[in-house]
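S.K.: My structure is stored as model13.txt, with compact mmCIF, C-alpha atoms.
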```txt
# COMPACT_ATOMS: atom_id res chain seq x y z
CA MET E 9 0.00 0.00 0.00
CA ALA E 10 1.32 3.42 -0.96
CA ALA E 11 1.89 5.99 1.74
CA GLN E 12 -1.06 8.41 1.96
CA LYS E 13 0.93 11.30 0.49
CA ASP E 14 1.58 9.21 -2.65
CA LEU E 15 -2.08 8.27 -3.09
CA TYR E 16 -4.06 10.35 -5.57
CA ASP E 17 -7.82 10.72 -5.39
CA ALA E 18 -7.88 10.10 -9.13
CA ILE E 19 -5.56 9.45 -12.04
CA VAL E 20 -6.76 10.47 -15.51
CA ILE E 21 -5.10 8.84 -18.55
CA GLY E 22 -5.10 10.99 -21.68
CA ALA E 23 -4.66 14.78 -21.75
CA GLY E 24 -6.97 15.57 -24.65
CA ILE E 25 -9.91 17.89 -24.05
CA GLN E 26 -12.01 15.21 -22.26
CA GLY E 27 -9.21 14.19 -19.88
CA CYS E 28 -8.28 17.80 -19.18
CA PHE E 29 -11.85 18.78 -18.31
CA THR E 30 -12.19 15.69 -16.10
CA ALA E 31 -9.02 16.62 -14.22
CA TYR E 32 -10.19 20.26 -14.05
CA HIS E 33 -13.47 19.27 -12.33
CA LEU E 34 -11.61 17.00 -9.93
CA ALA E 35 -9.15 19.77 -9.03
CA LYS E 36 -12.00 22.29 -8.69
CA HIS E 37 -13.48 20.04 -6.02
CA ARG E 38 -10.14 19.91 -4.21
CA LYS E 39 -9.31 16.37 -5.25
CA ARG E 40 -5.71 15.31 -5.64
CA VAL E 41 -5.50 14.52 -9.36
CA LEU E 42 -2.78 13.33 -11.72
CA LEU E 43 -3.21 13.67 -15.49
CA LEU E 44 -1.01 11.34 -17.56
CA GLU E 45 -0.22 11.84 -21.26
CA GLN E 46 1.89 9.46 -23.37
CA PHE E 47 3.12 12.19 -25.76
CA PHE E 48 4.91 15.42 -24.94
CA LEU E 49 2.50 18.37 -24.96
CA PRO E 50 1.37 19.92 -27.19
CA HIS E 51 0.99 17.18 -29.82
CA SER E 52 -1.13 16.46 -32.91
CA ARG E 53 -1.54 12.69 -32.62
CA GLY E 54 -5.05 12.52 -31.16
CA SER E 55 -8.41 14.26 -31.56
CA SER E 56 -8.05 17.52 -29.59
CA HIS E 57 -5.49 19.49 -31.62
CA GLY E 58 -6.13 21.98 -34.42
CA GLN E 59 -7.18 25.59 -34.23
CA SER E 60 -10.98 25.37 -34.36
CA ARG E 61 -14.12 23.36 -33.67
CA ILE E 62 -17.80 24.14 -34.23
CA ILE E 63 -19.92 24.78 -31.13
CA ARG E 64 -23.69 24.39 -31.45
CA LYS E 65 -26.92 23.57 -29.68
CA ALA E 66 -28.42 22.13 -32.88
CA TYR E 67 -28.54 18.34 -32.46
CA PRO E 68 -30.96 15.61 -33.56
CA GLN E 69 -30.83 14.20 -29.99
CA ASP E 70 -32.35 16.29 -27.20
CA PHE E 71 -29.89 14.99 -24.58
CA TYR E 72 -26.95 16.68 -26.38
CA THR E 73 -28.87 19.96 -26.76
CA GLN E 74 -29.66 19.83 -23.02
CA MET E 75 -26.00 19.18 -22.16
CA MET E 76 -24.93 22.07 -24.40
CA HIS E 77 -26.88 24.60 -22.29
CA GLU E 78 -24.43 23.97 -19.43
CA CYS E 79 -21.45 23.59 -21.78
CA TYR E 80 -21.84 27.17 -22.99
CA GLN E 81 -21.83 28.38 -19.38
CA MET E 82 -18.70 26.36 -18.58
CA TRP E 83 -16.83 27.54 -21.69
CA ALA E 84 -17.63 31.12 -20.64
CA GLN E 85 -16.39 30.37 -17.12
CA LEU E 86 -13.10 28.98 -18.51
CA GLU E 87 -12.71 32.14 -20.60
CA ARG E 88 -13.04 34.23 -17.44
CA GLU E 89 -10.62 32.05 -15.48
CA ALA E 90 -8.04 32.03 -18.29
CA GLY E 91 -8.56 35.68 -19.21
CA THR E 92 -8.68 34.90 -22.92
CA GLN E 93 -11.31 34.56 -25.65
CA LEU E 94 -11.98 30.92 -26.54
CA HIS E 95 -15.23 31.24 -28.51
CA ARG E 96 -16.70 33.34 -31.30
CA GLN E 97 -20.40 33.42 -32.13
CA THR E 98 -20.95 33.22 -35.89
CA GLY E 99 -24.21 31.30 -36.08
CA LEU E 100 -24.45 27.78 -37.49
CA LEU E 101 -26.34 27.22 -40.75
CA LEU E 102 -27.81 23.75 -41.23
CA LEU E 103 -28.27 23.17 -44.95
CA GLY E 104 -30.47 20.47 -46.45
CA MET E 105 -33.60 19.58 -48.37
CA LYS E 106 -36.93 20.61 -46.85
CA GLU E 107 -37.97 16.96 -46.43
CA ASN E 108 -34.73 15.95 -44.66
CA GLN E 109 -35.83 14.17 -41.47
CA GLU E 110 -32.73 15.11 -39.46
CA LEU E 111 -33.30 18.80 -40.24
CA LYS E 112 -36.95 18.48 -39.10
CA THR E 113 -35.91 16.72 -35.88
CA ILE E 114 -33.30 19.36 -35.04
CA GLN E 115 -35.78 22.18 -35.64
CA ALA E 116 -38.33 20.47 -33.35
CA ILE E 117 -35.73 20.02 -30.57
CA LEU E 118 -34.52 23.65 -30.82
CA SER E 119 -38.15 24.81 -30.51
CA ARG E 120 -38.84 22.50 -27.57
CA GLU E 121 -35.64 23.51 -25.76
CA GLY E 122 -36.22 27.23 -26.32
CA VAL E 123 -33.07 27.72 -28.43
CA GLU E 124 -33.17 30.82 -30.64
CA HIS E 125 -33.19 29.75 -34.30
CA GLN E 126 -34.52 30.75 -37.68
CA CYS E 127 -35.92 28.68 -40.56
CA LEU E 128 -34.86 30.00 -43.97
CA SER E 129 -36.63 29.19 -47.24
CA SER E 130 -34.57 28.82 -50.42
CA GLU E 131 -35.30 32.44 -51.32
CA GLU E 132 -34.40 33.74 -47.86
CA LEU E 133 -31.23 31.64 -47.93
CA LYS E 134 -30.16 33.15 -51.27
CA GLN E 135 -30.74 36.67 -49.98
CA ARG E 136 -29.03 36.13 -46.64
CA PHE E 137 -26.04 34.12 -47.92
CA PRO E 138 -25.58 34.91 -51.63
CA ASP E 139 -22.15 33.19 -51.68
CA ILE E 140 -23.83 29.79 -51.23
CA ARG E 141 -25.15 28.38 -54.50
CA LEU E 142 -28.32 26.34 -54.04
CA THR E 143 -28.51 23.53 -56.56
CA ARG E 144 -31.73 21.70 -55.60
CA GLY E 145 -33.89 24.16 -53.68
CA GLU E 146 -32.17 23.56 -50.33
CA VAL E 147 -33.47 25.29 -47.20
CA GLY E 148 -31.66 26.46 -44.08
CA LEU E 149 -31.97 26.33 -40.29
CA LEU E 150 -29.89 28.88 -38.42
CA ASP E 151 -28.76 28.08 -34.85
CA LYS E 152 -28.01 31.63 -33.74
CA PHE E 153 -25.75 30.53 -30.88
CA GLY E 154 -23.54 28.39 -33.12
CA GLY E 155 -19.95 29.44 -33.57
CA ILE E 156 -16.27 28.61 -33.33
CA LEU E 157 -14.26 27.27 -30.40
CA TYR E 158 -10.54 28.07 -30.58
CA ALA E 159 -9.48 24.49 -29.86
CA ASP E 160 -5.68 24.69 -29.37
CA LYS E 161 -6.09 27.85 -27.32
CA ALA E 162 -8.82 26.24 -25.21
CA LEU E 163 -6.71 23.16 -24.47
CA ARG E 164 -3.72 25.29 -23.42
CA ALA E 165 -5.92 27.51 -21.25
CA LEU E 166 -7.48 24.50 -19.57
CA GLN E 167 -4.08 22.93 -18.84
CA ASP E 168 -2.87 26.25 -17.37
CA VAL E 169 -5.95 26.62 -15.14
CA LEU E 170 -5.62 22.98 -14.07
CA GLY E 171 -2.05 23.69 -12.91
CA GLN E 172 -3.25 26.76 -10.98
CA LEU E 173 -5.85 24.59 -9.25
CA GLY E 174 -3.12 22.20 -8.09
CA GLY E 175 -3.62 19.45 -10.66
CA MET E 176 -0.50 17.55 -11.71
CA VAL E 177 0.19 16.96 -15.43
CA CYS E 178 2.87 14.43 -16.45
CA ASP E 179 3.43 14.26 -20.21
CA GLY E 180 5.76 11.96 -22.12
CA GLU E 181 4.69 9.09 -19.83
CA LYS E 182 3.05 6.17 -21.62
CA VAL E 183 0.97 3.84 -19.45
CA VAL E 184 2.34 0.29 -19.73
CA GLU E 185 0.31 -1.49 -17.04
CA ILE E 186 -2.85 -1.00 -14.97
CA ASN E 187 -3.36 -3.14 -11.86
CA PRO E 188 -6.97 -2.85 -10.69
CA GLY E 189 -7.84 -2.83 -7.02
CA LEU E 190 -8.10 -0.45 -4.11
CA PRO E 191 -5.97 1.47 -4.75
CA VAL E 192 -5.53 1.08 -8.51
CA THR E 193 -1.88 1.07 -9.62
CA VAL E 194 -0.80 2.66 -12.90
CA LYS E 195 2.69 1.93 -14.19
CA THR E 196 4.16 4.25 -16.85
CA THR E 197 7.44 4.26 -18.77
CA SER E 198 8.82 6.40 -15.90
CA ARG E 199 7.32 5.19 -12.61
CA SER E 200 4.27 3.81 -10.79
CA TYR E 201 1.36 5.77 -9.31
CA GLN E 202 -1.57 4.82 -7.11
CA ALA E 203 -5.05 6.29 -6.79
CA LYS E 204 -8.48 5.63 -5.34
CA SER E 205 -9.98 5.86 -8.82
CA LEU E 206 -8.89 5.84 -12.45
CA VAL E 207 -10.45 7.60 -15.44
CA ILE E 208 -9.46 6.45 -18.94
CA THR E 209 -9.90 9.09 -21.67
CA ALA E 210 -7.33 7.74 -24.10
CA GLY E 211 -9.11 8.24 -27.43
CA PRO E 212 -7.81 5.85 -30.12
CA TRP E 213 -5.67 4.04 -27.52
CA THR E 214 -8.61 3.17 -25.22
CA ASN E 215 -8.86 -0.50 -26.14
CA GLN E 216 -5.10 -1.01 -25.76
CA LEU E 217 -5.55 -0.07 -22.10
CA LEU E 218 -8.83 -1.97 -21.62
CA ARG E 219 -7.91 -5.34 -23.19
CA PRO E 220 -5.64 -6.38 -20.28
CA LEU E 221 -8.56 -5.40 -17.99
CA GLY E 222 -10.79 -7.93 -19.75
CA ILE E 223 -12.95 -5.66 -21.88
CA GLU E 224 -12.96 -4.53 -25.50
CA LEU E 225 -15.31 -1.79 -26.67
CA PRO E 226 -16.71 -1.49 -30.23
CA LEU E 227 -14.52 1.48 -31.12
CA GLN E 228 -13.43 2.30 -34.65
CA THR E 229 -10.49 4.64 -35.23
CA LEU E 230 -10.75 6.84 -38.32
CA ARG E 231 -8.21 9.15 -39.93
CA ILE E 232 -9.93 12.38 -40.99
CA ASN E 233 -8.84 14.83 -43.67
CA VAL E 234 -9.19 18.43 -42.47
CA CYS E 235 -9.21 20.55 -45.63
CA TYR E 236 -8.73 24.26 -46.25
CA TRP E 237 -9.83 25.92 -49.51
CA ARG E 238 -8.64 29.20 -51.02
CA GLN E 239 -11.12 31.99 -51.65
CA MET E 240 -11.15 33.45 -55.15
CA ALA E 241 -12.99 36.58 -54.00
CA PRO E 242 -11.31 37.97 -50.85
CA ARG E 243 -13.33 37.63 -47.64
CA SER E 244 -16.40 36.09 -49.34
CA TYR E 245 -16.54 33.41 -46.65
CA GLY E 246 -15.12 35.38 -43.74
CA VAL E 247 -16.55 36.13 -40.29
CA SER E 248 -16.24 39.83 -41.24
CA GLN E 249 -18.84 39.17 -43.97
CA ALA E 250 -21.11 37.56 -41.33
CA PHE E 251 -20.61 34.16 -42.97
CA PRO E 252 -21.58 31.42 -40.50
CA CYS E 253 -20.28 27.96 -39.75
CA PHE E 254 -22.34 25.42 -41.67
CA LEU E 255 -23.34 21.77 -41.57
CA ALA E 256 -24.71 20.14 -44.74
CA LEU E 257 -27.19 17.35 -43.96
CA GLY E 258 -28.10 14.64 -46.45
CA LEU E 259 -26.25 16.24 -49.36
CA SER E 260 -23.63 13.45 -49.38
CA SER E 261 -23.17 10.09 -47.62
CA HIS E 262 -21.93 11.84 -44.47
CA HIS E 263 -22.19 15.38 -43.15
CA ILE E 264 -19.98 18.07 -44.64
CA TYR E 265 -19.10 20.98 -42.38
CA GLY E 266 -17.41 24.35 -42.84
CA LEU E 267 -16.01 27.21 -40.78
CA PRO E 268 -15.48 30.75 -42.07
CA GLU E 269 -12.02 32.04 -42.86
CA GLY E 270 -9.94 32.61 -39.75
CA GLU E 271 -7.24 30.01 -39.16
CA TYR E 272 -5.28 30.75 -42.33
CA PRO E 273 -5.55 34.01 -44.35
CA GLU E 274 -7.95 33.66 -47.29
CA LEU E 275 -8.65 29.97 -46.51
CA MET E 276 -11.92 28.41 -45.41
CA LYS E 277 -12.18 25.05 -43.65
CA VAL E 278 -14.55 22.60 -45.37
CA SER E 279 -14.30 18.94 -44.32
CA TYR E 280 -16.05 15.59 -44.50
CA HIS E 281 -17.40 14.21 -41.21
CA HIS E 282 -16.02 10.76 -41.92
CA GLY E 283 -12.70 9.09 -42.68
CA ASN E 284 -10.87 5.84 -43.20
CA HIS E 285 -9.84 3.06 -40.82
CA ALA E 286 -6.50 3.85 -39.23
CA ASP E 287 -4.12 2.42 -36.65
CA PRO E 288 -3.38 5.31 -34.25
CA GLU E 289 0.27 4.21 -34.21
CA GLU E 290 0.42 4.60 -37.99
CA ARG E 291 -1.67 7.71 -38.40
CA ASP E 292 0.63 9.24 -40.99
CA CYS E 293 0.40 6.27 -43.38
CA PRO E 294 -2.81 6.93 -45.32
CA THR E 295 -4.64 4.59 -47.66
CA ALA E 296 -4.22 6.64 -50.82
CA HIS E 297 -7.31 5.41 -52.68
CA ALA E 298 -9.72 5.87 -49.78
CA GLU E 299 -8.26 9.30 -48.99
CA SER E 300 -8.74 10.49 -52.56
CA GLN E 301 -12.41 9.38 -52.52
CA ASP E 302 -13.12 11.64 -49.55
CA ILE E 303 -11.34 14.56 -51.20
CA GLU E 304 -13.31 14.03 -54.43
CA ILE E 305 -16.60 14.24 -52.47
CA LEU E 306 -15.45 17.53 -50.96
CA LYS E 307 -14.27 18.92 -54.31
CA ARG E 308 -17.70 18.20 -55.78
CA PHE E 309 -19.44 19.88 -52.85
CA VAL E 310 -17.20 22.96 -53.03
CA ARG E 311 -17.67 23.23 -56.80
CA ASP E 312 -21.47 22.93 -56.47
CA TYR E 313 -22.21 24.98 -53.35
CA LEU E 314 -19.30 27.36 -52.69
CA PRO E 315 -18.43 28.89 -56.08
CA ASP E 316 -16.05 31.50 -54.66
CA LEU E 317 -13.66 28.80 -53.42
CA LYS E 318 -11.06 27.13 -55.62
CA PRO E 319 -12.27 23.49 -55.85
CA GLU E 320 -8.89 22.07 -54.86
CA PRO E 321 -7.74 21.95 -51.21
CA ALA E 322 -4.86 24.31 -50.46
CA ILE E 323 -3.95 22.59 -47.17
CA ILE E 324 -4.84 19.12 -45.86
CA GLU E 325 -4.30 18.34 -42.18
CA HIS E 326 -5.37 15.25 -40.24
CA CYS E 327 -6.93 14.22 -36.98
CA MET E 328 -8.39 11.05 -35.47
CA TYR E 329 -11.99 10.14 -34.69
CA THR E 330 -12.78 7.26 -32.33
CA ASN E 331 -16.32 6.21 -33.24
CA THR E 332 -18.90 4.00 -31.58
CA PRO E 333 -21.46 2.18 -33.79
CA ASP E 334 -24.21 4.69 -32.86
CA GLU E 335 -21.79 7.66 -32.64
CA HIS E 336 -22.86 8.35 -29.04
CA PHE E 337 -20.26 8.54 -26.29
CA ILE E 338 -19.29 5.91 -23.73
CA LEU E 339 -19.40 7.34 -20.19
CA ASP E 340 -19.49 4.49 -17.70
CA HIS E 341 -17.78 2.43 -15.04
CA HIS E 342 -15.76 -0.62 -16.05
CA PRO E 343 -18.24 -3.54 -15.71
CA LYS E 344 -15.98 -5.36 -13.24
CA TYR E 345 -13.97 -2.62 -11.48
CA ASP E 346 -16.22 0.19 -10.30
CA ASN E 347 -13.34 2.53 -9.45
CA ILE E 348 -12.26 2.52 -13.12
CA VAL E 349 -14.26 4.94 -15.28
CA ILE E 350 -14.22 5.08 -19.08
CA GLY E 351 -14.83 8.10 -21.34
CA ALA E 352 -14.53 7.09 -24.99
CA GLY E 353 -16.05 7.04 -28.47
CA PHE E 354 -16.49 10.78 -28.90
CA SER E 355 -17.08 10.15 -32.60
CA GLY E 356 -15.87 13.48 -33.94
CA HIS E 357 -18.36 15.65 -32.03
CA GLY E 358 -17.11 15.57 -28.43
CA PHE E 359 -14.96 18.71 -28.16
CA LYS E 360 -17.81 21.19 -27.62
CA LEU E 361 -19.39 18.86 -25.02
CA ALA E 362 -16.18 18.29 -23.04
CA PRO E 363 -17.05 20.61 -20.11
CA VAL E 364 -20.10 18.50 -19.23
CA VAL E 365 -18.43 15.19 -20.17
CA GLY E 366 -15.61 16.05 -17.76
CA LYS E 367 -18.14 16.86 -15.05
CA ILE E 368 -19.90 13.51 -15.58
CA LEU E 369 -16.62 11.55 -15.51
CA TYR E 370 -15.64 13.39 -12.30
CA GLU E 371 -19.00 12.44 -10.76
CA LEU E 372 -18.63 8.78 -11.79
CA SER E 373 -15.08 8.61 -10.43
CA MET E 374 -16.18 10.05 -7.07
CA LYS E 375 -19.30 7.78 -6.90
CA LEU E 376 -21.62 10.80 -7.03
CA THR E 377 -25.06 10.80 -8.64
CA PRO E 378 -24.56 11.88 -12.27
CA SER E 379 -26.05 15.23 -13.29
CA TYR E 380 -27.49 13.72 -16.48
CA ASP E 381 -29.28 10.55 -17.53
CA LEU E 382 -26.47 8.29 -18.73
CA ALA E 383 -28.67 5.68 -20.44
CA PRO E 384 -27.52 6.77 -23.95
CA PHE E 385 -23.87 6.41 -22.89
CA ARG E 386 -23.76 3.08 -21.04
CA ILE E 387 -21.55 0.21 -22.21
CA SER E 388 -24.47 -2.21 -21.75
CA ARG E 389 -26.21 -0.79 -24.84
CA PHE E 390 -23.71 -2.76 -26.95
CA SER E 391 -24.37 -6.16 -25.34
CA SER E 392 -26.73 -7.19 -28.17
CA LEU E 393 -23.87 -6.64 -30.63
CA GLY E 394 -21.65 -9.03 -28.71
CA LYS E 395 -18.77 -6.60 -29.14
CA ALA E 396 -18.35 -5.17 -25.67
CA HIS E 397 -17.36 -8.18 -23.66
CA LEU E 398 -15.57 -9.24 -20.53
```
Output the structure of this file as structure tokens.
M.R.:
Amino acid sequence: MAAQKDLYDAIVIGAGIQGCFTAYHLAKHRKRVLLLEQFFLPHSRGSSHGQSRIIRKAYPQDFYTQMMHECYQMWAQLEREAGTQLHRQTGLLLLGMKENQELKTIQAILSREGVEHQCLSSEELKQRFPDIRLTRGEVGLLDKFGGILYADKALRALQDVLGQLGGMVCDGEKVVEINPGLPVTVKTTSRSYQAKSLVITAGPWTNQLLRPLGIELPLQTLRINVCYWRQMAPRSYGVSQAFPCFLALGLSSHHIYGLPEGEYPELMKVSYHHGNHADPEERDCPTAHAESQDIEILKRFVRDYLPDLKPEPAIIEHCMYTNTPDEHFILDHHPKYDNIVIGAGFSGHGFKLAPVVGKILYELSMKLTPSYDLAPFRISRFSSLGKAHL
């Protein structure tokens, strides 16, 4: 048994946005917390790097919209604590055909939850956003609170505030062994640590840590192309022109999303919300054919809908998604060890929700009653698939 001074209340594995917010909530509640990260910070190997993410309340599931109410408050609180701007409101335009069921569901949820929004007919859409070409009579739904999160900046700010709260961050320490029990022992490439509870937020590496603990989750790691496109007419798609973030629903096999110019001069981010199977250890070894298919889908979309962009990406960056079969998160205790908590499967839409996810994982690790209904996030929902097994 470790001496009391060496015993943490909680160890969190993985210093992406979910792990950092979990550690932040633990430290806020005066818990002794250690955050472990296998790579030296900052790094671009996971899912939390890059300059921007979309923030929105528009979701086809009411439980995410409800969580986002508190997320906005927590992002604003982090801005105050860090003394820096982490968010810009641009609005989020959902683009699709009038009969698109997802668009109808989102509109109904926004109405029910009292979220300010506006439905735009094809004609209204043309007048409001003349730089979008409508090819099939598409309509719009504007989530007025949608906008941009400055992702890299937010992660740095969170890590700084965590340090001020007394949280310990050890980067460049890969976890090589977890010994469950009370306390749980975590061995890294440098040393061993002990804690009353363990939270695993390891993204694409989650199953590597869970297999020796007798469980494998149905997680799929995807390599995503993040593409930037040059404007032919300066500032056409800039925040200064009141151009919003957008999400195209049902106009291709998977969603296509865009953010106005901001990260790179004269470039707009337009990307495909899907990717190709990837080993996280070999992230920089793409499958050329599959990659080119995704780019071709984007080129077609840009050519059809955004005529003031050159239909050839100027910059292509990459990140990782870790998807569940239903693209909902996993927030749960390990089925056998109740002092081991798992946060995984954020499926490319977890960044904006991280303040509340971190709060939930803190509550689970401290055996508190969760603030939200966790039925959509339980591991047991996969039992019928036979893929999450002990």
S.K.: Pick out the residues sitting within 12 Å of Asp70 in chain E, and hand them over as an NGL selection string; count only C-alpha atoms, and ignore anything fewer than 3 positions along from it in its own chain.
M.R.: :E and (65-67 or 73-77 or 113-123 or 381 or 384)
S.K.: Of the candidates E:Leu259, E:Leu133, E:Leu43, E:Leu206, which one gets nearest to Asp312 in chain E if we count all atoms listed in the file?
M.R.: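 Result for the nearest residue to Asp312 in chain E: E:Leu259.
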S.K.: Give as a list of chain:residue names every residue, naming chains and numbers as the document does, that has an atom within 10 Å of (-11.5, -0.7, -14.2), counting only C-alpha atoms.
M.R.: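 Those residues, ordered by chain and then number, are E:Ile186, E:Asn187, E:Pro188, E:Gly189, E:Val192, E:Ser205, E:Leu206, E:Val207, E:Ile208, E:Leu217, E:Leu218, E:Leu221, E:Gly222, E:Ile223, E:His341, E:His342, E:Pro343, E:Lys344, E:Tyr345, E:Asp346, E:Asn347, E:Ile348, E:Val349, E:Ile350.
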S.K.: Would you pick out the contacts of His125 in chain E at 6 Å or less, using all atoms listed in the file, so that residues sharing its chain but fewer than 2 positions from it are not included, and give the list as a PyMOL selection string?
M.R.: chain E and resi 150-152
S.K.: Give me, as an MDAnalysis selection string, all polymer residues having an atom no more than 10 Å from Ile232 in chain E, counting only C-alpha atoms and skipping those fewer than 4 positions away in the same chain.
M.R.: chainID E and resid 55 279:286 291 294 299 302 324:329 356
S.K.: Got time to write the residues from that selection, C-alpha atoms, as a compact mmCIF listing (two decimals), keeping the file's coordinate frame?
M.R.:
```
# COMPACT_ATOMS: atom_id res chain seq x y z
CA SER E 55 -8.41 14.26 -31.56
CA SER E 279 -14.30 18.94 -44.32
CA TYR E 280 -16.05 15.59 -44.50
CA HIS E 281 -17.40 14.21 -41.21
CA HIS E 282 -16.02 10.76 -41.92
CA GLY E 283 -12.70 9.09 -42.68
CA ASN E 284 -10.87 5.84 -43.20
CA HIS E 285 -9.84 3.06 -40.82
CA ALA E 286 -6.50 3.85 -39.23
CA ARG E 291 -1.67 7.71 -38.40
CA PRO E 294 -2.81 6.93 -45.32
CA GLU E 299 -8.26 9.30 -48.99
CA ASP E 302 -13.12 11.64 -49.55
CA ILE E 324 -4.84 19.12 -45.86
CA GLU E 325 -4.30 18.34 -42.18
CA HIS E 326 -5.37 15.25 -40.24
CA CYS E 327 -6.93 14.22 -36.98
CA MET E 328 -8.39 11.05 -35.47
CA TYR E 329 -11.99 10.14 -34.69
CA GLY E 356 -15.87 13.48 -33.94
```
S.K.: May I have the residues within 10 Å of Ile387 in chain E as a PyMOL selection string, using all atoms listed in the file and disregarding those fewer than 4 positions away in the same chain?
M.R.: chain E and resi 225-226+337-343+350+383+391+396-397
S.K.: Quick one: residues within 10 Å of Ile303 in chain E, only C-alpha atoms, excluding same-chain residues fewer than 2 positions away - as a PyMOL selection string?
M.R.: chain E and resi 233-235+279-280+298-301+305-309+320-321+324
S.K.: For the atom pair CA of Thr92 in chain E and CA of Leu34 in chain E, what is the interatomic distance in Å to one decimal place?
M.R.: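 So the two atoms, CA of Thr92 in chain E and CA of Leu34 in chain E, lie 22.3 Å apart.
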S.K.: Could you jot down the CA of Gln202 in chain E to CA of Leu15 in chain E separation for me, Å, one decimal place?
M.R.: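 One can read the CA of Gln202 in chain E to CA of Leu15 in chain E distance as 5.3 Å.
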S.K.: When you draw a straight line from CA of Glu274 in chain E to CA of Ala322 in chain E, how long is it in Å?
M.R.: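 CA of Ala322 in chain E lies at a distance of 10.3 Å from CA of Glu274 in chain E.
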S.K.: I need the residue nearest Ala256 in chain E from this list: E:Gln97, E:Thr196, E:Ser60, E:Asn108. Use all atoms listed in the file for the distance.
M.R.: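 Result for the nearest residue to Ala256 in chain E: E:Asn108.
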S.K.: Looking at E:Glu224, E:His262, E:Glu146, E:Lys204, which one is nearest to Lys39 in chain E, with distances taken over all atoms listed in the file?
M.R.: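 Smallest separation from Lys39 in chain E among the options: E:Lys204.
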S.K.: Restricted to all heavy atoms, what does range 328-332 of chain E look like when written out as a PDB file, in the first residue's frame?
M.R.:
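This is the output file decode_6.pdb:
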```pdb
ATOM      1  N   MET E 328      -7.819  12.372 -35.682  1.00  0.00           N
ATOM      2  CA  MET E 328      -8.394  11.049 -35.467  1.00  0.00           C
ATOM      3  C   MET E 328      -9.790  11.177 -34.866  1.00  0.00           C
ATOM      4  O   MET E 328     -10.022  12.001 -33.993  1.00  0.00           O
ATOM      5  CB  MET E 328      -7.526  10.235 -34.505  1.00  0.00           C
ATOM      6  CG  MET E 328      -6.072  10.087 -34.922  1.00  0.00           C
ATOM      7  SD  MET E 328      -5.867   9.136 -36.419  1.00  0.00           S
ATOM      8  CE  MET E 328      -5.931   7.476 -35.746  1.00  0.00           C
ATOM      9  N   TYR E 329     -10.713  10.359 -35.363  1.00  0.00           N
ATOM     10  CA  TYR E 329     -11.994  10.145 -34.693  1.00  0.00           C
ATOM     11  C   TYR E 329     -11.938   8.754 -34.067  1.00  0.00           C
ATOM     12  O   TYR E 329     -11.345   7.832 -34.642  1.00  0.00           O
ATOM     13  CB  TYR E 329     -13.167  10.119 -35.680  1.00  0.00           C
ATOM     14  CG  TYR E 329     -13.640  11.451 -36.225  1.00  0.00           C
ATOM     15  CD1 TYR E 329     -12.985  12.653 -35.962  1.00  0.00           C
ATOM     16  CD2 TYR E 329     -14.777  11.492 -37.036  1.00  0.00           C
ATOM     17  CE1 TYR E 329     -13.447  13.842 -36.491  1.00  0.00           C
ATOM     18  CE2 TYR E 329     -15.250  12.672 -37.568  1.00  0.00           C
ATOM     19  CZ  TYR E 329     -14.579  13.850 -37.308  1.00  0.00           C
ATOM     20  OH  TYR E 329     -15.039  15.032 -37.832  1.00  0.00           O
ATOM     21  N   THR E 330     -12.570   8.586 -32.910  1.00  0.00           N
ATOM     22  CA  THR E 330     -12.785   7.265 -32.332  1.00  0.00           C
ATOM     23  C   THR E 330     -14.290   7.087 -32.215  1.00  0.00           C
ATOM     24  O   THR E 330     -14.930   7.690 -31.350  1.00  0.00           O
ATOM     25  CB  THR E 330     -12.095   7.133 -30.954  1.00  0.00           C
ATOM     26  OG1 THR E 330     -10.720   7.508 -31.094  1.00  0.00           O
ATOM     27  CG2 THR E 330     -12.168   5.709 -30.452  1.00  0.00           C
ATOM     28  N   ASN E 331     -14.867   6.308 -33.111  1.00  0.00           N
ATOM     29  CA  ASN E 331     -16.321   6.210 -33.244  1.00  0.00           C
ATOM     30  C   ASN E 331     -16.898   4.971 -32.567  1.00  0.00           C
ATOM     31  O   ASN E 331     -16.293   3.902 -32.619  1.00  0.00           O
ATOM     32  CB  ASN E 331     -16.717   6.167 -34.725  1.00  0.00           C
ATOM     33  CG  ASN E 331     -16.611   7.520 -35.407  1.00  0.00           C
ATOM     34  OD1 ASN E 331     -15.908   8.408 -34.947  1.00  0.00           O
ATOM     35  ND2 ASN E 331     -17.319   7.684 -36.507  1.00  0.00           N
ATOM     36  N   THR E 332     -18.084   5.139 -32.001  1.00  0.00           N
ATOM     37  CA  THR E 332     -18.900   4.000 -31.580  1.00  0.00           C
ATOM     38  C   THR E 332     -19.875   3.693 -32.722  1.00  0.00           C
ATOM     39  O   THR E 332     -20.088   4.526 -33.600  1.00  0.00           O
ATOM     40  CB  THR E 332     -19.704   4.341 -30.311  1.00  0.00           C
ATOM     41  OG1 THR E 332     -20.555   5.455 -30.601  1.00  0.00           O
ATOM     42  CG2 THR E 332     -18.785   4.684 -29.146  1.00  0.00           C
TER      43      THR E 332
END
```
